[in-house]
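Enquirer: Contents are mmCIF, N, CA, C and O atoms; file name start-v1.cif:
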data_data
loop_
_atom_site.label_atom_id
_atom_site.label_comp_id
_atom_site.auth_asym_id
_atom_site.auth_seq_id
_atom_site.Cartn_x
_atom_site.Cartn_y
_atom_site.Cartn_z
N MET A 160 41.14 -68.29 -44.71
CA MET A 160 42.58 -68.44 -44.68
C MET A 160 43.15 -68.02 -43.33
O MET A 160 44.14 -68.60 -42.87
N ALA A 161 42.52 -67.04 -42.67
CA ALA A 161 42.99 -66.60 -41.35
C ALA A 161 42.91 -67.75 -40.35
O ALA A 161 43.80 -67.91 -39.51
N LYS A 162 41.86 -68.54 -40.44
CA LYS A 162 41.70 -69.69 -39.55
C LYS A 162 42.86 -70.66 -39.74
O LYS A 162 43.42 -71.18 -38.77
N THR A 163 43.26 -70.88 -40.97
CA THR A 163 44.37 -71.79 -41.27
C THR A 163 45.68 -71.25 -40.72
O THR A 163 46.48 -72.00 -40.15
N ILE A 164 45.91 -69.95 -40.86
CA ILE A 164 47.15 -69.35 -40.37
C ILE A 164 47.24 -69.39 -38.85
O ILE A 164 48.28 -69.75 -38.29
N THR A 165 46.15 -69.05 -38.17
CA THR A 165 46.17 -69.09 -36.71
C THR A 165 46.33 -70.53 -36.21
O THR A 165 47.01 -70.78 -35.21
N PHE A 166 45.73 -71.48 -36.92
CA PHE A 166 45.91 -72.88 -36.57
C PHE A 166 47.38 -73.27 -36.72
O PHE A 166 47.93 -73.99 -35.88
N ALA A 167 48.03 -72.80 -37.76
CA ALA A 167 49.44 -73.13 -37.99
C ALA A 167 50.32 -72.60 -36.86
O ALA A 167 51.22 -73.30 -36.38
N ILE A 168 50.05 -71.39 -36.42
CA ILE A 168 50.84 -70.79 -35.33
C ILE A 168 50.65 -71.59 -34.04
O ILE A 168 51.62 -71.91 -33.35
N LEU A 169 49.42 -71.92 -33.74
CA LEU A 169 49.13 -72.71 -32.54
C LEU A 169 49.79 -74.08 -32.64
O LEU A 169 50.42 -74.55 -31.69
N HIS A 170 49.68 -74.70 -33.78
CA HIS A 170 50.24 -76.03 -33.99
C HIS A 170 51.77 -76.00 -33.87
O HIS A 170 52.38 -76.91 -33.31
N PHE A 171 52.40 -74.96 -34.39
CA PHE A 171 53.85 -74.82 -34.28
C PHE A 171 54.27 -74.82 -32.81
O PHE A 171 55.20 -75.53 -32.41
N GLY A 172 53.56 -74.03 -32.01
CA GLY A 172 53.89 -73.95 -30.58
C GLY A 172 53.73 -75.28 -29.87
O GLY A 172 54.58 -75.68 -29.06
N VAL A 173 52.66 -75.99 -30.16
CA VAL A 173 52.42 -77.29 -29.53
C VAL A 173 53.48 -78.29 -29.97
O VAL A 173 54.06 -79.01 -29.14
N ALA A 174 53.76 -78.35 -31.27
CA ALA A 174 54.74 -79.31 -31.79
C ALA A 174 56.12 -79.06 -31.19
O ALA A 174 56.80 -80.00 -30.78
N PHE A 175 56.52 -77.80 -31.12
CA PHE A 175 57.84 -77.48 -30.55
C PHE A 175 57.90 -77.86 -29.08
O PHE A 175 58.85 -78.51 -28.63
N THR A 176 56.89 -77.46 -28.33
CA THR A 176 56.89 -77.71 -26.89
C THR A 176 56.93 -79.20 -26.57
O THR A 176 57.75 -79.64 -25.75
N ILE A 177 56.11 -79.98 -27.23
CA ILE A 177 56.09 -81.42 -26.96
C ILE A 177 57.40 -82.07 -27.36
O ILE A 177 57.98 -82.86 -26.60
N THR A 178 57.91 -81.72 -28.54
CA THR A 178 59.16 -82.33 -28.99
C THR A 178 60.32 -81.92 -28.10
O THR A 178 61.18 -82.74 -27.75
N TYR A 179 60.35 -80.65 -27.70
CA TYR A 179 61.41 -80.18 -26.81
C TYR A 179 61.36 -80.90 -25.46
O TYR A 179 62.38 -81.34 -24.93
N LEU A 180 60.14 -81.05 -24.91
CA LEU A 180 60.00 -81.74 -23.63
C LEU A 180 60.42 -83.20 -23.73
O LEU A 180 60.98 -83.76 -22.77
N LEU A 181 60.15 -83.83 -24.85
CA LEU A 181 60.51 -85.24 -25.02
C LEU A 181 61.99 -85.45 -25.29
O LEU A 181 62.57 -86.46 -24.87
N THR A 182 62.62 -84.51 -26.02
CA THR A 182 64.02 -84.71 -26.43
C THR A 182 65.00 -83.82 -25.68
O THR A 182 66.19 -84.14 -25.62
N GLY A 183 64.55 -82.67 -25.20
CA GLY A 183 65.46 -81.72 -24.57
C GLY A 183 66.30 -80.96 -25.58
O GLY A 183 67.20 -80.22 -25.22
N SER A 184 65.99 -81.12 -26.86
CA SER A 184 66.78 -80.48 -27.92
C SER A 184 65.97 -79.38 -28.62
O SER A 184 64.90 -79.64 -29.16
N VAL A 185 66.53 -78.18 -28.59
CA VAL A 185 65.90 -77.07 -29.29
C VAL A 185 65.96 -77.29 -30.79
O VAL A 185 65.01 -76.97 -31.52
N VAL A 186 67.04 -77.86 -31.29
CA VAL A 186 67.21 -78.11 -32.72
C VAL A 186 66.17 -79.12 -33.23
O VAL A 186 65.48 -78.87 -34.22
N ILE A 187 66.05 -80.24 -32.54
CA ILE A 187 65.07 -81.24 -32.96
C ILE A 187 63.66 -80.70 -32.78
O ILE A 187 62.80 -80.88 -33.65
N GLY A 188 63.43 -80.01 -31.67
CA GLY A 188 62.11 -79.41 -31.45
C GLY A 188 61.76 -78.43 -32.55
O GLY A 188 60.64 -78.41 -33.05
N GLY A 189 62.71 -77.61 -32.95
CA GLY A 189 62.48 -76.65 -34.02
C GLY A 189 62.24 -77.32 -35.36
O GLY A 189 61.36 -76.91 -36.12
N ALA A 190 63.02 -78.35 -35.65
CA ALA A 190 62.85 -79.06 -36.93
C ALA A 190 61.48 -79.72 -37.02
O ALA A 190 60.76 -79.56 -38.02
N VAL A 191 61.10 -80.43 -35.97
CA VAL A 191 59.79 -81.08 -35.97
C VAL A 191 58.69 -80.02 -36.01
O VAL A 191 57.69 -80.18 -36.72
N ALA A 192 58.88 -78.95 -35.27
CA ALA A 192 57.86 -77.89 -35.22
C ALA A 192 57.70 -77.19 -36.56
O ALA A 192 56.63 -76.66 -36.84
N LEU A 193 58.71 -77.18 -37.39
CA LEU A 193 58.58 -76.57 -38.71
C LEU A 193 57.99 -77.53 -39.73
O LEU A 193 57.14 -77.15 -40.53
N ILE A 194 58.42 -78.76 -39.70
CA ILE A 194 58.01 -79.73 -40.72
C ILE A 194 56.60 -80.25 -40.49
O ILE A 194 55.75 -80.19 -41.39
N GLU A 195 56.33 -80.77 -39.31
CA GLU A 195 55.04 -81.42 -39.06
C GLU A 195 53.86 -80.46 -39.17
O GLU A 195 52.89 -80.74 -39.88
N PRO A 196 53.87 -79.29 -38.51
CA PRO A 196 52.74 -78.38 -38.65
C PRO A 196 52.58 -77.83 -40.07
O PRO A 196 51.46 -77.58 -40.52
N ALA A 197 53.67 -77.63 -40.78
CA ALA A 197 53.57 -77.13 -42.15
C ALA A 197 52.79 -78.12 -43.01
O ALA A 197 51.86 -77.74 -43.75
N ILE A 198 53.13 -79.37 -42.91
CA ILE A 198 52.43 -80.39 -43.68
C ILE A 198 51.00 -80.54 -43.19
O ILE A 198 50.05 -80.61 -43.98
N ASN A 199 50.82 -80.56 -41.88
CA ASN A 199 49.49 -80.71 -41.31
C ASN A 199 48.59 -79.51 -41.67
O ASN A 199 47.39 -79.68 -41.89
N THR A 200 49.14 -78.32 -41.73
CA THR A 200 48.37 -77.13 -42.09
C THR A 200 47.89 -77.22 -43.53
O THR A 200 46.73 -76.88 -43.82
N ILE A 201 48.73 -77.69 -44.41
CA ILE A 201 48.33 -77.86 -45.81
C ILE A 201 47.21 -78.89 -45.91
O ILE A 201 46.20 -78.67 -46.59
N VAL A 202 47.36 -79.99 -45.19
CA VAL A 202 46.32 -81.02 -45.19
C VAL A 202 45.02 -80.46 -44.62
O VAL A 202 43.94 -80.69 -45.16
N PHE A 203 45.12 -79.68 -43.54
CA PHE A 203 43.93 -79.08 -42.92
C PHE A 203 43.22 -78.15 -43.88
O PHE A 203 41.99 -78.16 -43.98
N TYR A 204 43.96 -77.34 -44.62
CA TYR A 204 43.38 -76.40 -45.59
C TYR A 204 42.54 -77.15 -46.63
O TYR A 204 41.40 -76.79 -46.90
N PHE A 205 43.11 -78.21 -47.19
CA PHE A 205 42.37 -78.97 -48.20
C PHE A 205 41.22 -79.76 -47.58
O PHE A 205 40.18 -79.95 -48.20
N HIS A 206 41.40 -80.23 -46.37
CA HIS A 206 40.32 -80.91 -45.66
C HIS A 206 39.12 -79.97 -45.52
O HIS A 206 37.98 -80.37 -45.74
N GLU A 207 39.36 -78.72 -45.14
CA GLU A 207 38.28 -77.73 -45.01
C GLU A 207 37.57 -77.51 -46.35
O GLU A 207 36.35 -77.41 -46.40
N LYS A 208 38.33 -77.42 -47.42
CA LYS A 208 37.74 -77.21 -48.74
C LYS A 208 36.84 -78.39 -49.13
O LYS A 208 35.73 -78.20 -49.62
N VAL A 209 37.34 -79.60 -48.92
CA VAL A 209 36.56 -80.79 -49.25
C VAL A 209 35.33 -80.86 -48.35
O VAL A 209 34.23 -81.18 -48.82
N TRP A 210 35.48 -80.57 -47.09
CA TRP A 210 34.37 -80.64 -46.15
C TRP A 210 33.27 -79.64 -46.52
O TRP A 210 32.08 -79.97 -46.46
N LYS A 211 33.65 -78.43 -46.90
CA LYS A 211 32.66 -77.43 -47.31
C LYS A 211 31.92 -77.89 -48.57
O LYS A 211 30.71 -77.68 -48.70
N ARG A 212 32.61 -78.50 -49.49
CA ARG A 212 31.98 -79.03 -50.69
C ARG A 212 30.99 -80.14 -50.32
O ARG A 212 29.89 -80.20 -50.85
N TYR A 213 31.39 -81.00 -49.40
CA TYR A 213 30.50 -82.06 -48.93
C TYR A 213 29.24 -81.48 -48.29
O TYR A 213 28.13 -81.92 -48.57
N GLU A 214 29.42 -80.49 -47.42
CA GLU A 214 28.28 -79.86 -46.75
C GLU A 214 27.33 -79.21 -47.75
O GLU A 214 26.11 -79.23 -47.57
N ALA A 215 27.88 -78.62 -48.79
CA ALA A 215 27.04 -77.98 -49.81
C ALA A 215 26.20 -79.01 -50.56
O ALA A 215 25.07 -78.74 -50.94
N ARG A 216 26.76 -80.18 -50.77
CA ARG A 216 26.05 -81.24 -51.51
C ARG A 216 25.10 -82.05 -50.63
O ARG A 216 24.20 -82.70 -51.12
N HIS A 217 25.35 -82.04 -49.33
CA HIS A 217 24.55 -82.81 -48.39
C HIS A 217 24.07 -81.90 -47.25
O HIS A 217 24.58 -81.98 -46.14
N PRO A 218 23.11 -81.05 -47.55
CA PRO A 218 22.64 -80.14 -46.50
C PRO A 218 22.07 -80.93 -45.32
O PRO A 218 21.43 -81.98 -45.51
N GLN A 219 22.30 -80.41 -44.14
CA GLN A 219 21.84 -81.08 -42.94
C GLN A 219 20.33 -80.96 -42.84
O GLN A 219 19.78 -79.86 -42.97
N GLN A 220 19.69 -82.05 -42.61
CA GLN A 220 18.24 -82.07 -42.46
C GLN A 220 17.87 -81.56 -41.07
O GLN A 220 18.53 -81.91 -40.09
N PRO A 221 16.80 -80.77 -40.96
CA PRO A 221 16.39 -80.32 -39.64
C PRO A 221 15.90 -81.51 -38.79
O PRO A 221 15.32 -82.46 -39.31
N ILE A 222 16.20 -81.43 -37.53
CA ILE A 222 15.79 -82.50 -36.60
C ILE A 222 14.33 -82.27 -36.25
O ILE A 222 13.92 -81.19 -35.84
N GLN A 223 13.54 -83.31 -36.42
CA GLN A 223 12.11 -83.22 -36.10
C GLN A 223 11.85 -83.91 -34.77
O GLN A 223 12.26 -85.04 -34.56
N ILE A 224 11.17 -83.21 -33.93
CA ILE A 224 10.88 -83.75 -32.59
C ILE A 224 9.43 -84.19 -32.54
O ILE A 224 8.55 -83.62 -33.04
#
Please express the file's structure as structure tokens.
Expert:
Amino acid sequence: MAKTITFAILHFGVAFTITYLLTGSVVIGGAVALIEPAINTIVFYFHEKVWKRYEARHPQQPIQI
């Protein structure tokens, strides 16, 4: 869960900065920075859960040289 939270903080900063640079608006930058990373963080959390389940069912085969 810590990985998800730190990702959310980083994503918030990136989303705000890019939107602010594109629009020049702190309000729009803040709105986009709150909505988009929040949704993306939730998606990322479930993606990690599904991916771990996939890895458990399909263990990686050792590479033979």
Enquirer: In Å, with one decimal, what is the gap from atom CA of A:Ile168 to atom CA of A:Leu181?
Expert: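 The value is 20.2 Å.
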Enquirer: Work out how far atom CA of A:Met160 is from atom CA of A:Val186, in Å to one decimal.
Expert: 29.0 Å
Enquirer: Name the residues captured by the PyMOL selection byres (((chain A and resi 200 and name CA) around 10) and name CA) when it is applied to the shown file; answer as an NGL selection string.
Expert: :A and (163-168 or 170-171 or 195-199 or 201-206)
Enquirer: So what do you get for atom C of A:Leu193 versus atom N of A:Gly172, distance-wise?
Expert: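 Atom-to-atom, atom C of A:Leu193 and atom N of A:Gly172 are spaced 9.6 Å apart.
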Enquirer: Find the residues near A:Ala174: any atom within 6 Å, counting all atoms listed in the file, skip ones fewer than 6 places away on the same chain, and give them as a PyMOL selection string.
Expert: chain A and resi 188+191-192
Enquirer: Starting from 4 Å padding per side, set up an axis-aligned box that covers all listed atoms of stretch 204-217 of chain A and hand over centre and edge lengths in Å, one decimal, as lines of an AutoDock Vina configuration file.
Expert:
center_x = 34.0
center_y = -79.6
center_z = -48.1
size_x = 27.9
size_y = 14.4
size_z = 14.9
